[in-house]
Amino acid sequence: MPVSLRKKIADSQLVQSFATTLFELYVRFCHVTSRWERVGFEPMEEAVQTGEAVIVAIWHQRLMMSPYIFDTSLAPICSLTSDARAGRLAGDLQRRFGFDSISMNSRTRHVVASREILKRIRNGVSIGIASDGPRGPARVCSTVPIVWARSSGKRVFTVSFSQKRVIALPTWDDMWLPTPFSKGVFLCKEWEQDVPRKADDETYETLRLDLEQALEEITAASDKQSGRG
């Protein structure tokens, strides 16, 4: 099949919708048929129930189960996705679970989208981000959550999911698909570092590395608790 034809098929709205539906049904099936434990979510949920927006950080590898990490019956949340094909699918999938989504491209990433995100935070909408996304490197935290925490003054929570049995996809981050009839865990922990309103490059780098370490720790803890460690 010619490359141009394959691209047209892959970019088709009908094909995207069909793929999103398949992922949605599969994720719901895995959630229903597996045993899940939720640990550490009380502080975040208490905050959002009072109308406080929070920033939720996760590794891109663990995004597939992100619809179950934030309870949208308590408060609204908006996820950040890329405008690439995979990013559009991820945004469509999360919308099926009650999330809102902002799509960013390289031209608007730091301007239009950031303004929209901060506007929503001020209106009480929490923000979810894959801290190493959308293209990696895998498990290297960007400064974006730090910048939002500085600009908004909102609390940052690290989250992860893990499961005893998963399917690793051949993507840049080895993204995990859950499996049915397994044992899984969702973990949440607040990142308690203060982010000053004014900070130099060295301070930003120190905070970035600290958040990266916090994400690594909660991810490792989720693996251990699910029986993988």
# chains A, B, ... in the order shown; residues from 1 in each chain; ligands from 1
$ closest_atom_pairs --of "range 34-105 of chain A" --to "range 204-228 of chain A" --cutoff "9 Å" --atoms "only C-alpha atoms" --output "Markdown table"
| residue | atom | partner | partner_atom | distance |
| --- | --- | --- | --- | --- |
| A:Trp36 | CA | A:Ser226 | CA | 8.9 |
| A:Glu37 | CA | A:Ser226 | CA | 8.8 |
| A:Ala57 | CA | A:Leu215 | CA | 7.8 |
| A:Ile58 | CA | A:Leu215 | CA | 6.8 |
| A:Trp59 | CA | A:Leu215 | CA | 7.2 |
| A:Arg62 | CA | A:Thr219 | CA | 8.8 |
$ write_last_selection --atoms "C-alpha atoms" --output "PDB file, in the first residue's frame"
ATOM      1  CA  TRP A  36      -7.425  -2.903  41.789  1.00  0.00           C
ATOM      2  CA  GLU A  37      -6.118  -1.135  44.866  1.00  0.00           C
ATOM      3  CA  ALA A  57       2.066  14.258  36.854  1.00  0.00           C
ATOM      4  CA  ILE A  58       2.615  10.768  35.437  1.00  0.00           C
ATOM      5  CA  TRP A  59       5.077   9.003  33.154  1.00  0.00           C
ATOM      6  CA  ARG A  62       1.531   4.601  32.352  1.00  0.00           C
TER       7      ARG A  62
END
$ select_by_dssp --residues "chain A" --states "strand (DSSP E)" --output "PyMOL selection string"
chain A and resi 35-39+55-58+77-82+100-104+126-130+156-163+166-168+176-178+183-191
$ write_last_selection --atoms "C-alpha atoms" --output "CSV table (one decimal), in the first residue's frame"
chain,number,residue,atom,x,y,z
A,35,ARG,CA,-8.6,-6.5,41.1
A,36,TRP,CA,-7.4,-2.9,41.8
A,37,GLU,CA,-6.1,-1.1,44.9
A,38,ARG,CA,-6.0,2.7,45.2
A,39,VAL,CA,-3.5,4.1,47.7
A,55,ILE,CA,-1.4,19.4,38.8
A,56,VAL,CA,-1.2,15.7,38.2
A,57,ALA,CA,2.1,14.3,36.9
A,58,ILE,CA,2.6,10.8,35.4
A,77,ILE,CA,-9.6,17.8,34.8
A,78,CYS,CA,-8.0,18.6,31.5
A,79,SER,CA,-5.2,16.6,30.0
A,80,LEU,CA,-2.5,17.8,27.8
A,81,THR,CA,-2.0,16.0,24.5
A,82,SER,CA,0.0,16.5,21.3
A,100,ASP,CA,-11.3,17.5,28.8
A,101,SER,CA,-8.2,17.8,26.6
A,102,ILE,CA,-6.0,20.5,25.2
A,103,SER,CA,-4.0,19.6,22.0
A,104,MET,CA,-0.7,21.4,21.5
A,126,SER,CA,-7.1,20.4,37.4
A,127,ILE,CA,-4.4,19.6,34.8
A,128,GLY,CA,-2.9,16.2,33.9
A,129,ILE,CA,0.4,15.8,32.1
A,130,ALA,CA,2.8,13.1,31.0
A,156,VAL,CA,1.6,18.8,42.3
A,157,PHE,CA,0.7,15.2,42.7
A,158,THR,CA,2.6,12.3,41.2
A,159,VAL,CA,0.6,9.2,40.2
A,160,SER,CA,1.2,5.8,38.7
A,161,PHE,CA,-0.5,2.6,37.7
A,162,SER,CA,1.0,-0.9,37.6
A,163,GLN,CA,-0.3,-4.4,37.1
A,166,VAL,CA,0.9,-6.0,31.2
A,167,ILE,CA,1.5,-5.7,27.4
A,168,ALA,CA,4.4,-3.4,26.5
A,176,TRP,CA,1.8,-0.4,28.9
A,177,LEU,CA,-1.5,-1.8,28.1
A,178,PRO,CA,-3.3,-3.4,31.0
A,183,LYS,CA,-4.0,-7.6,39.9
A,184,GLY,CA,-3.3,-3.9,39.7
A,185,VAL,CA,-2.7,-0.8,41.8
A,186,PHE,CA,-3.1,3.0,41.5
A,187,LEU,CA,-0.8,5.2,43.6
A,188,CYS,CA,-0.8,8.9,44.3
A,189,LYS,CA,1.6,11.0,46.4
A,190,GLU,CA,2.0,14.8,46.7
A,191,TRP,CA,5.2,16.3,45.5
$ select_by_dssp --residues "range 28-78 of chain A" --states "alpha helix (DSSP H)" --output "ChimeraX atom specification"
/A:28-33,42-49
$ atom_distance --atom1 "CA of Ser66 in chain A" --atom2 "CA of Cys30 in chain A"
13.1 Å
$ residues_around --residues "Pro137 in chain A" --least-positions-apart "3" --cutoff "8 Å" --atoms "only C-alpha atoms" --output "count of residues only"
5
$ closest_residue --among "A:Ala19, A:His60, A:Pro180, A:Val195" --to "Pro134 in chain A" --atoms "only C-alpha atoms"
A:His60
$ residues_around --residues "Leu118 in chain A" --least-positions-apart "6" --cutoff "9 Å" --atoms "only C-alpha atoms" --output "MDAnalysis selection string"
chainID A and resid 148 151:152
$ write_last_selection --atoms "N, CA, C and O atoms" --output "short mmCIF file (atom, residue, chain, number, x, y, z; two decimals), in the first residue's frame"
data_model
loop_
_atom_site.label_atom_id
_atom_site.label_comp_id
_atom_site.auth_asym_id
_atom_site.auth_seq_id
_atom_site.Cartn_x
_atom_site.Cartn_y
_atom_site.Cartn_z
N TRP A 148 4.20 25.41 35.49
CA TRP A 148 2.78 25.58 35.84
C TRP A 148 2.59 25.74 37.34
O TRP A 148 1.76 26.52 37.79
N SER A 151 3.63 29.27 38.13
CA SER A 151 2.70 30.29 37.63
C SER A 151 1.37 30.27 38.36
O SER A 151 0.73 31.30 38.54
N SER A 152 0.92 29.08 38.78
CA SER A 152 -0.41 28.94 39.37
C SER A 152 -0.39 28.85 40.89
O SER A 152 -1.40 29.13 41.54
#
$ atom_distance --atom1 "CA of Gly153 in chain A" --atom2 "CA of Ala90 in chain A"
27.4 Å
$ closest_residue --among "A:Phe41, A:Phe70, A:Phe181, A:Phe18" --to "Phe97 in chain A" --atoms "only C-alpha atoms"
A:Phe70
$ atom_distance --atom1 "CA of Ser131 in chain A" --atom2 "CA of Arg115 in chain A"
18.3 Å
